[in-house]
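*Asks:* My structure is stored as query.txt, with compact mmCIF, C-alpha atoms.
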# COMPACT_ATOMS: atom_id res chain seq x y z
CA MET A 1 -163.23 66.76 88.18
CA SER A 2 -161.91 63.63 86.55
CA LEU A 3 -159.15 63.19 83.97
CA ALA A 4 -159.64 66.63 82.50
CA VAL A 5 -160.90 69.83 84.03
CA GLY A 6 -164.30 70.79 85.36
CA ALA A 7 -165.96 74.17 85.70
CA MET A 8 -162.86 76.05 86.82
CA GLY A 9 -163.53 79.71 86.23
CA LEU A 10 -162.41 79.78 82.60
CA ASP A 11 -165.82 80.19 80.99
CA GLU A 12 -165.90 83.16 78.64
CA ASN A 13 -169.08 84.46 80.28
CA LYS A 14 -167.40 84.40 83.66
CA GLU A 15 -164.64 86.67 82.41
CA GLU A 16 -167.10 89.53 81.90
CA GLY A 17 -167.62 92.15 84.57
CA LYS A 18 -164.13 91.84 86.09
CA GLU A 19 -163.01 95.38 85.29
CA GLY A 20 -162.65 97.90 88.09
CA ASN A 21 -160.58 98.12 91.26
CA PRO A 22 -160.47 94.75 93.02
CA THR A 23 -160.17 94.88 96.78
CA GLY A 24 -159.35 92.39 99.50
CA PRO A 25 -156.22 90.69 100.80
CA ASP A 26 -156.06 88.17 97.96
CA HIS A 27 -155.50 90.93 95.42
CA ALA A 28 -152.19 91.85 97.00
CA ASP A 29 -150.62 88.56 95.95
CA SER A 30 -150.20 88.60 92.19
CA GLU A 31 -149.27 84.93 92.08
CA ILE A 32 -152.54 83.70 93.54
CA GLU A 33 -155.70 83.76 91.46
CA PRO A 34 -158.97 82.58 93.05
CA ASP A 35 -161.31 80.82 90.65
CA THR A 36 -165.09 80.97 90.76
CA SER A 37 -165.36 77.70 92.67
CA GLY A 38 -163.42 79.04 95.61
CA ARG A 39 -160.26 77.05 94.92
CA VAL A 40 -156.98 78.93 94.76
CA SER A 41 -154.61 78.50 91.82
CA ARG A 42 -150.89 79.12 92.29
CA GLN A 43 -148.83 80.29 89.34
CA MET A 44 -146.22 77.68 88.39
CA SER A 45 -143.46 77.42 85.84
CA ASP A 46 -144.49 76.19 82.39
CA GLY A 47 -144.77 72.44 82.17
CA SER A 48 -144.43 71.96 85.94
CA LEU A 49 -146.11 68.73 86.94
CA TYR A 50 -145.18 68.47 90.61
CA THR A 51 -147.27 68.86 93.75
CA THR A 52 -146.67 71.89 95.95
CA GLU A 53 -145.39 71.68 99.53
CA ASP A 54 -148.87 72.64 100.76
CA GLU A 55 -150.37 69.63 98.97
CA GLU A 56 -147.75 67.29 100.42
CA ASP A 57 -148.35 68.65 103.95
CA GLU A 58 -152.08 68.20 103.53
CA ASP A 59 -151.57 64.57 102.49
CA ALA A 60 -149.32 63.94 105.49
CA GLU A 61 -151.90 65.36 107.90
CA SER A 62 -154.84 63.46 106.41
CA LYS A 63 -153.05 60.13 106.10
CA ILE A 64 -154.72 57.43 108.16
CA GLN A 65 -152.42 55.79 110.68
CA LEU A 66 -152.89 52.05 110.19
CA GLY A 67 -151.69 49.23 112.41
CA PRO A 68 -148.87 46.83 111.48
CA GLN A 69 -149.37 45.38 108.04
CA CYS A 70 -149.87 41.64 107.75
CA THR A 71 -150.50 39.12 105.01
CA LEU A 72 -154.01 37.87 104.25
CA LYS A 73 -153.13 34.50 105.71
CA GLU A 74 -152.01 36.12 108.98
CA LEU A 75 -155.16 38.26 109.04
CA SER A 76 -157.43 35.25 108.51
CA GLU A 77 -155.79 33.38 111.42
CA LYS A 78 -155.98 36.24 113.91
CA ASP A 79 -158.54 36.13 116.74
CA LYS A 80 -160.44 33.16 115.36
CA ASP A 81 -162.63 33.00 118.46
CA ASP A 82 -163.85 36.59 118.11
CA GLU A 83 -167.20 36.26 116.31
CA SER A 84 -167.59 39.97 115.52
CA LEU A 85 -164.07 40.13 114.09
CA LYS A 86 -164.70 36.94 112.16
CA ARG A 87 -167.79 38.46 110.52
CA TRP A 88 -165.85 41.64 109.71
CA LYS A 89 -163.07 39.63 108.03
CA GLU A 90 -165.61 37.60 106.04
CA GLN A 91 -167.20 40.81 104.81
CA LEU A 92 -163.81 42.34 103.98
CA LEU A 93 -162.25 39.31 102.29
CA GLY A 94 -165.37 37.95 100.65
CA SER A 95 -164.58 34.81 98.66
CA VAL A 96 -160.81 35.35 98.58
CA ASP A 97 -158.86 32.09 98.58
CA VAL A 98 -156.25 32.99 101.17
CA ASN A 99 -154.03 30.04 100.27
CA SER A 100 -153.89 31.03 96.60
CA VAL A 101 -153.06 34.67 97.32
CA GLY A 102 -149.79 33.83 99.04
CA GLU A 103 -148.09 35.70 101.85
CA THR A 104 -147.18 38.98 100.19
CA LEU A 105 -147.42 42.10 102.35
CA ASP A 106 -147.74 44.71 99.62
CA PRO A 107 -150.92 44.84 97.54
CA GLU A 108 -150.76 45.16 93.78
CA VAL A 109 -153.21 47.33 91.86
CA LYS A 110 -153.26 47.40 88.07
CA ILE A 111 -155.36 49.98 86.21
CA LEU A 112 -156.76 47.99 83.30
CA SER A 113 -158.77 50.56 81.35
CA LEU A 114 -159.74 54.23 81.30
CA ALA A 115 -162.69 55.62 79.36
CA ILE A 116 -164.39 59.01 79.02
CA LYS A 117 -168.19 58.76 78.95
CA SER A 118 -170.50 61.42 77.56
CA GLN A 119 -174.21 60.92 76.97
CA GLY A 120 -175.13 60.41 73.33
CA ARG A 121 -171.57 59.51 72.28
CA ASN A 122 -169.49 56.37 72.17
CA ASP A 123 -167.05 56.04 75.05
CA ILE A 124 -163.54 57.36 74.41
CA PHE A 125 -161.16 54.57 75.46
CA LEU A 126 -157.75 55.87 76.46
CA ILE A 127 -154.68 53.78 75.78
CA ILE A 128 -152.51 53.43 78.90
CA PRO A 129 -148.83 53.19 77.90
CA GLU A 130 -146.94 50.21 79.29
CA THR A 131 -144.10 52.59 80.17
CA GLY A 132 -143.76 56.35 80.14
CA ASN A 133 -146.47 58.87 79.36
CA PRO A 134 -149.01 59.30 76.55
CA LYS A 135 -147.54 61.03 73.50
CA GLY A 136 -149.13 64.21 72.16
CA PRO A 137 -152.65 65.27 73.18
CA TRP A 138 -154.15 62.21 74.86
CA PHE A 139 -157.76 63.18 74.18
CA THR A 140 -160.00 66.08 73.15
CA LEU A 141 -163.12 67.30 74.93
CA LYS A 142 -165.88 69.52 73.59
CA GLU A 143 -166.36 72.78 75.48
CA GLY A 144 -169.46 72.89 77.67
CA SER A 145 -169.96 69.13 77.50
CA ARG A 146 -170.82 66.82 80.38
CA TYR A 147 -168.60 63.79 80.85
CA SER A 148 -167.34 61.32 83.44
CA LEU A 149 -164.32 59.06 83.78
CA LYS A 150 -164.82 55.30 84.15
CA PHE A 151 -161.99 52.92 84.95
CA THR A 152 -161.44 49.27 85.79
CA PHE A 153 -158.69 47.94 88.01
CA GLN A 154 -157.56 44.66 89.52
CA VAL A 155 -156.29 44.03 93.05
CA SER A 156 -153.98 41.14 93.95
CA ASN A 157 -151.64 39.92 96.73
CA ASN A 158 -153.20 41.83 99.64
CA ILE A 159 -155.90 44.32 100.66
CA VAL A 160 -155.36 47.82 99.28
CA SER A 161 -156.46 50.41 101.83
CA GLY A 162 -157.71 53.87 100.89
CA LEU A 163 -157.17 53.72 97.14
CA LYS A 164 -157.55 57.24 95.79
CA TYR A 165 -157.43 59.14 92.53
CA ARG A 166 -155.56 62.45 92.25
CA ASN A 167 -155.55 64.75 89.25
CA THR A 168 -154.00 68.19 88.74
CA VAL A 169 -154.44 70.37 85.64
CA TRP A 170 -152.40 73.34 84.37
CA LYS A 171 -152.99 75.83 81.56
CA THR A 172 -150.03 77.93 80.38
CA GLY A 173 -148.17 77.04 83.56
CA ILE A 174 -150.97 78.05 85.95
CA ARG A 175 -152.70 75.40 88.03
CA VAL A 176 -156.39 75.66 87.23
CA ASP A 177 -157.81 72.59 88.95
CA SER A 178 -156.86 69.92 91.49
CA THR A 179 -159.00 66.95 92.48
CA LYS A 180 -158.69 64.09 94.95
CA GLU A 181 -161.30 61.32 94.98
CA MET A 182 -161.37 58.51 97.53
CA ILE A 183 -162.22 55.24 95.77
CA GLY A 184 -162.15 52.85 98.72
CA THR A 185 -160.59 49.74 100.25
CA PHE A 186 -160.55 46.54 98.20
CA SER A 187 -159.57 42.92 98.74
CA PRO A 188 -157.88 40.77 96.07
CA GLN A 189 -160.17 39.06 93.58
CA SER A 190 -159.93 37.59 90.10
CA GLU A 191 -162.67 39.84 88.68
CA PRO A 192 -161.79 43.51 88.00
CA TYR A 193 -163.41 46.31 89.96
CA THR A 194 -165.18 49.17 88.13
CA HIS A 195 -165.47 52.75 89.35
CA GLU A 196 -167.07 55.77 87.72
CA MET A 197 -166.24 59.31 88.75
CA PRO A 198 -168.94 61.98 89.29
CA GLU A 199 -170.06 63.75 86.13
CA GLU A 200 -168.34 67.04 85.29
CA THR A 201 -168.85 69.86 82.79
CA THR A 202 -165.99 71.23 80.71
CA PRO A 203 -165.63 75.02 80.70
CA SER A 204 -166.53 76.95 77.56
CA GLY A 205 -165.52 80.11 75.75
CA ILE A 206 -162.39 81.47 74.12
CA PHE A 207 -160.44 81.50 77.38
CA ALA A 208 -161.26 77.87 78.11
CA ARG A 209 -160.35 76.43 74.74
CA GLY A 210 -156.79 75.32 74.12
CA SER A 211 -154.16 72.90 75.39
CA TYR A 212 -153.77 71.73 78.99
CA SER A 213 -151.18 69.66 80.83
CA ALA A 214 -152.15 67.27 83.62
CA LYS A 215 -150.82 64.77 86.10
CA THR A 216 -152.89 61.76 87.19
CA GLN A 217 -152.04 59.38 90.04
CA PHE A 218 -153.61 56.37 91.72
CA LEU A 219 -152.30 55.98 95.28
CA ASP A 220 -153.18 54.27 98.56
CA ASP A 221 -153.05 55.25 102.22
CA ASP A 222 -149.35 54.39 102.36
CA ASN A 223 -148.73 56.67 99.35
CA ARG A 224 -147.82 53.72 97.15
CA CYS A 225 -148.36 54.92 93.59
CA TYR A 226 -149.84 52.32 91.24
CA LEU A 227 -150.07 54.54 88.18
CA GLU A 228 -148.72 58.01 87.41
CA MET A 229 -149.07 59.75 84.07
CA ASN A 230 -148.15 63.20 82.79
CA TYR A 231 -150.04 64.12 79.64
CA THR A 232 -151.71 66.86 77.63
CA PHE A 233 -155.28 67.21 76.37
CA GLU A 234 -157.31 69.80 74.49
CA ILE A 235 -160.67 71.53 74.84
CA LYS A 236 -162.15 72.53 71.48
CA LYS A 237 -165.42 73.80 70.00
CA ASP A 238 -166.42 70.24 69.06
CA TRP A 239 -165.51 66.65 69.72
CA GLN A 240 -162.62 65.12 67.82
CA ALA A 241 -163.77 63.42 64.63
CA THR A 242 -163.79 59.62 64.79
CA ALA A 243 -162.99 57.31 61.93
Take the structure in the file and give it back as structure tokens.

*Replies:*
Amino acid sequence: MSLAVGAMGLDENKEEGKEGNPTGPDHADSEIEPDTSGRVSRQMSDGSLYTTEDEEDEDAESKIQLGPQCTLKELSEKDKDDESLKRWKEQLLGSVDVNSVGETLDPEVKILSLAIKSQGRNDIFLIIPETGNPKGPWFTLKEGSRYSLKFTFQVSNNIVSGLKYRNTVWKTGIRVDSTKEMIGTFSPQSEPYTHEMPEETTPSGIFARGSYSAKTQFLDDDNRCYLEMNYTFEIKKDWQATA
């Protein structure tokens, strides 16, 4: 899943055949609803855009324990006689001018552009607010359509380790999808980086159409957040008309 929501068990066809007497331990908990992909959705209060304690614990357990942070200049001067380490640093830093970067410990990542791509249509470029969150529905997707999210970003000051994308989607207060995508580790450079998420398919049917709320974050291994947005979007029978 990327900015919106993938196949998450809301297709109208998938709602058929659910009558009867469900069995199993999951049925005893009325606040937990398994979707068809095997993910579990917890019921939340309307408009809630916060991670659960389980999500935070999972992040804490999976966080990579890195060594002491140092500036690029310090990194370049370490173990100069170690040929294997020297080659590794050359591969990691590329053509970075260490002297021009300075001696800042914390990396800086700026998300420059976000676009939704769908074959046979012009890209939908999303305006990223300078401050705050997008107003009103940020975009509209056609039900049953295939799409992917493409974004560009720039890294400066220092190496950003384990940059990742996180997105959570709710419908009528119920979490229906949650995605985390590891993007990678990047060194500072003047040219922007480009990354495209795997292609997804929006759900379809009367139960899938409507308004959704979502929270998107770009974070690194130290849980520094470079962009966080709360917004709404819609899934409709057809794409939004363009001027």

*Asks:* Just how far from atom CA of A:Thr185 is atom CA of A:Ile159, in Å to one decimal?

*Replies:* 7.2 Å

*Asks:* Show me as a VMD selection string the residues that reach within 6 Å of (-157.7, 52.6, 98.8), counting only C-alpha atoms and using the file's own coordinates.

*Replies:* chain A and resid 160 to 164 184 to 185 220

*Asks:* Could you check the closest approach to A:Leu126 for each of A:Asn158, A:Tyr231, A:Val169, A:Trp239 and tell me which residue wins, using only C-alpha atoms?

*Replies:*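 Among the listed residues, A:Tyr231 lies closest to A:Leu126.
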
*Asks:* Go ahead and find all residues with at least one atom no further than 12 Å from (-158.8, 50.6, 73.8) in the file's coordinates, using all atoms listed in the file; report them as a PDB file with C-alpha atoms, in the frame of the given file.

*Replies:*
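Output file out-v1.pdb follows:
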ATOM      1  CA  LEU A 112    -156.760  47.990  83.300  1.00  0.00           C
ATOM      2  CA  SER A 113    -158.770  50.560  81.350  1.00  0.00           C
ATOM      3  CA  LEU A 114    -159.740  54.230  81.300  1.00  0.00           C
ATOM      4  CA  ALA A 115    -162.690  55.620  79.360  1.00  0.00           C
ATOM      5  CA  ILE A 116    -164.390  59.010  79.020  1.00  0.00           C
ATOM      6  CA  ASP A 123    -167.050  56.040  75.050  1.00  0.00           C
ATOM      7  CA  ILE A 124    -163.540  57.360  74.410  1.00  0.00           C
ATOM      8  CA  PHE A 125    -161.160  54.570  75.460  1.00  0.00           C
ATOM      9  CA  LEU A 126    -157.750  55.870  76.460  1.00  0.00           C
ATOM     10  CA  ILE A 127    -154.680  53.780  75.780  1.00  0.00           C
ATOM     11  CA  ILE A 128    -152.510  53.430  78.900  1.00  0.00           C
ATOM     12  CA  PRO A 129    -148.830  53.190  77.900  1.00  0.00           C
ATOM     13  CA  PHE A 151    -161.990  52.920  84.950  1.00  0.00           C
TER      14      PHE A 151
END

*Asks:* Compare A:Tyr165, A:Glu199, A:Phe153, A:Thr140 by their minimum atom-to-atom distance to A:Gln119, counting only C-alpha atoms, and give me the closest one.

*Replies:*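 Checking each candidate against A:Gln119, we get A:Glu199 as the closest.
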
*Asks:* What is the atom CA of A:Glu234-atom CA of A:Lys135 distance in Å, reported with one decimal?

*Replies:*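 Between atom CA of A:Glu234 and atom CA of A:Lys135 the gap is 13.2 Å.
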
*Asks:* Please measure the separation of atom CA of A:Lys237 and atom CA of A:Lys215, giving the value in Å to one decimal.

*Replies:*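 Atom CA of A:Lys215 lies 23.5 Å from atom CA of A:Lys237.
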
*Asks:* Please determine, counting all atoms listed in the file, which residue among A:Ala241, A:Met197, A:Val176, A:Cys225 has the shortest atom-to-atom distance to A:Tyr147.

*Replies:*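 Under the stated criterion, the closest residue is A:Met197.
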
*Asks:* Skip A:Ile111 itself and residues of its chain fewer than 4 positions away, then list as a list in words all residues within 10 Å of it, counting all atoms listed in the file.

*Replies:*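 The contact residues come out as Ile128, Phe151, Thr152, Phe153, Gln154, Val155, Pro192, Tyr193, Phe218, Tyr226 and Leu227 of chain A.
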
*Asks:* My list of candidates is A:Ile235, A:Ile174, A:Leu219, A:Leu141. Which is closest to A:Gly205 when distances are computed with all atoms listed in the file?

*Replies:*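 Of A:Ile235, A:Ile174, A:Leu219, A:Leu141, the one nearest A:Gly205, counting all atoms listed in the file, is A:Ile235.
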
*Asks:* Which of these residues is nearest to A:Pro198, using all atoms listed in the file: A:Asp106, A:Lys117, A:Gly210, A:Thr172?

*Replies:*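 Closest to A:Pro198 of all the choices is A:Lys117.
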
*Asks:* Measuring between all atoms listed in the file, which one of A:Thr216, A:Arg146, A:Thr232, A:Arg175 shows the shortest distance to A:Gly120?

*Replies:*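 Counting all atoms listed in the file, the residue closest to A:Gly120 is A:Arg146.
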